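Q: Pasting a structure below so you can have a look.
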Amino acid sequence: MTSAPTPEVELSADDARRIALRAQGFLGAPDRRAGVRGVLRHLGAVQLDTISVLARSHELIPYARLGAVGRKPVEQAYWSSTAADASPARPHAFEYWSHAACILPIEEWPHFAFRRRAYRDRPHWHHALPDGAYDQVIKQLRAEGPLTATELGGAKNGGEWWDWSGSKVAVERALMYGEVVCTERRGWKRVYDLAERAIPDDVLHDDLDDRECLRRLVQLAGQSLGVGTRADIADYHRLKAEQFDAVVADSGLVPVAVEGWSKPAWADPAALSAPPRGRHRTTLLSPFDSLIWERARTERIFGFTHRLEAYVPKPKRVYGYFAMPLLHGGHLLGRVDPARDGTTLVARHASLDSPKAVQPMATALAEAASWVGCTSVRVERVTPPELHAPLTSACAAALT
């Protein structure tokens, strides 16, 4: 940025933390009538990931905000279509590259036209596209309807996981271009269809120029975060800093100064219009939850260092393979690395900031156990060790 904007509002660090929590759906009564689809619209993006411990991350996101909503209804909320009267069925979501591979509200399709255009102009790819494969995939989808990669001829050539087949390379390229879309998954497999057939007519267009796409995404990211720095807001949909700079003045976000933040910040004007009040959620967070996507932001707001260690060699892990932060009272009080052993939820390593975290952790573990069909909780390791017995007792009491 060439110059910092003049702040219009000054916020305390506590104000910023509470605004962020409310914007992300963790402060105040959840909108249960809107359900999972309401969470998706509110957040604007729900990250997908292959790791499944208690559940996959896209299931954990609404669970953390709504409580023990059934896992099957979560999937149906994302991927099922509805029809009004005799009108064509309308999907509620599509999958595309946002913060990462994400589920996005179907209304956001036009906003990613800038990224689809950029992919079409991309000079090189990691996978070579065999001659004729792209046209063949489009032809097959047009003739046979929605298909998985397996139904298109197989996803792999038979080698390592990254050794994609020609049809897989082609359909993924078409997905990035926007000629093909995924509005459904079957048992974790993407189901591909022609965008012209799957995306509703009122949003099936690339009419927005790049600047307008970016302006809307910056505005929406600011709303979903409540308050954030340039890096925070740009990171939400993986925009470049210069893209943020080009549109933030027209985004409607308000320049603010936050106590203890060394960088300029912007806030959603609606978030500033009323003090954030309401009940706090006590829950375990997916490591891929949008509340804690950006590590620097998480440290700045919560004083909490968050790192996914799934891809760290086991001997070097500090907190565990899929350590889930504990949110209670609007603060992050520790984390736990969970697993399942039959009908027992196993806390392989619970790391607690203080004895005050024992009861909230027990409450969160008991609720999670019930959600995934477990009837007991076993605590294996606790840091600090003197909290092992209190946590074990508290878990037993929470399950009764």
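Simple scheme: letters A, B, ... for chains in structure tokens order, numbers from 1 for residues in each chain, numbers from 1 for ligands in the order shown.
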Please provide the set of residues having any atom within 9 Å of A:Leu27, restricted to only C-alpha atoms, with same-chain residues fewer than 5 positions apart removed, written as a VMD selection string.

A: chain A and resid 18 to 22 276 to 281 330

Q: Sorted by chain and rising residue number, list the residues of stretch 6-79 of chain A at most 9 Å from stretch 356-374 of chain A (counting only C-alpha atoms), each with its closest atom pair and distance in Å to one decimal, as a tab-separated table.

A:
residue	atom	partner	partner_atom	distance
A:Leu54	CA	A:Val372	CA	6.7
A:Ala55	CA	A:Val372	CA	7.7
A:Tyr63	CA	A:Trp371	CA	8.8
A:Gly67	CA	A:Glu367	CA	8.2
A:Ala68	CA	A:Trp371	CA	5.4
A:Val69	CA	A:Trp371	CA	7.8
A:Gly70	CA	A:Trp371	CA	7.5
A:Arg71	CA	A:Val372	CA	8.3

Q: Can you tell me, as a compact mmCIF listing (two decimals) with C-alpha atoms, in the first residue's frame, what residues are no more than 10 Å from A:Glu107 when counting only C-alpha atoms, ignoring any on the same chain fewer than 5 positions away?

A:
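Once everything was written out, this is result_28.txt:
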# COMPACT_ATOMS: atom_id res chain seq x y z
CA ARG A 41 -23.93 -18.17 3.19
CA GLY A 44 -19.02 -17.38 2.18
CA PRO A 91 -28.19 -26.38 -6.38
CA HIS A 92 -27.28 -24.55 -3.20
CA ALA A 93 -23.51 -24.75 -3.52
CA PHE A 94 -20.62 -25.41 -5.85
CA ILE A 199 -25.61 -23.53 -12.66
CA PRO A 200 -28.92 -21.60 -12.54
CA ASP A 202 -29.58 -16.10 -13.20
CA VAL A 203 -25.99 -16.59 -11.99
CA LEU A 204 -24.49 -18.44 -14.97

Q: Taking only stretch 91-289 of chain A into account, list the residues labelled strand (DSSP E or B) by DSSP (computed from the backbone), as a ChimeraX atom specification.

A: /A:91,93-97,101-105,147,156,164,180-186,189-194,227-229,254-258,265-267,280,283-284

Q: Could you list, as JSON, numbers by chain, every residue within 10 Å of A:Pro255, counting only C-alpha atoms and ignoring same-chain residues fewer than 5 positions away?

A: {"A": [4, 5, 6, 7, 8, 9, 10, 227, 228, 229, 248, 249, 264, 265, 266, 267, 268, 269]}

Q: Have a look at atom CA of A:Val191 and atom CA of A:Asp49 and let me know their distance in Å, one decimal.

A: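 Atom CA of A:Asp49 lies 16.2 Å from atom CA of A:Val191.
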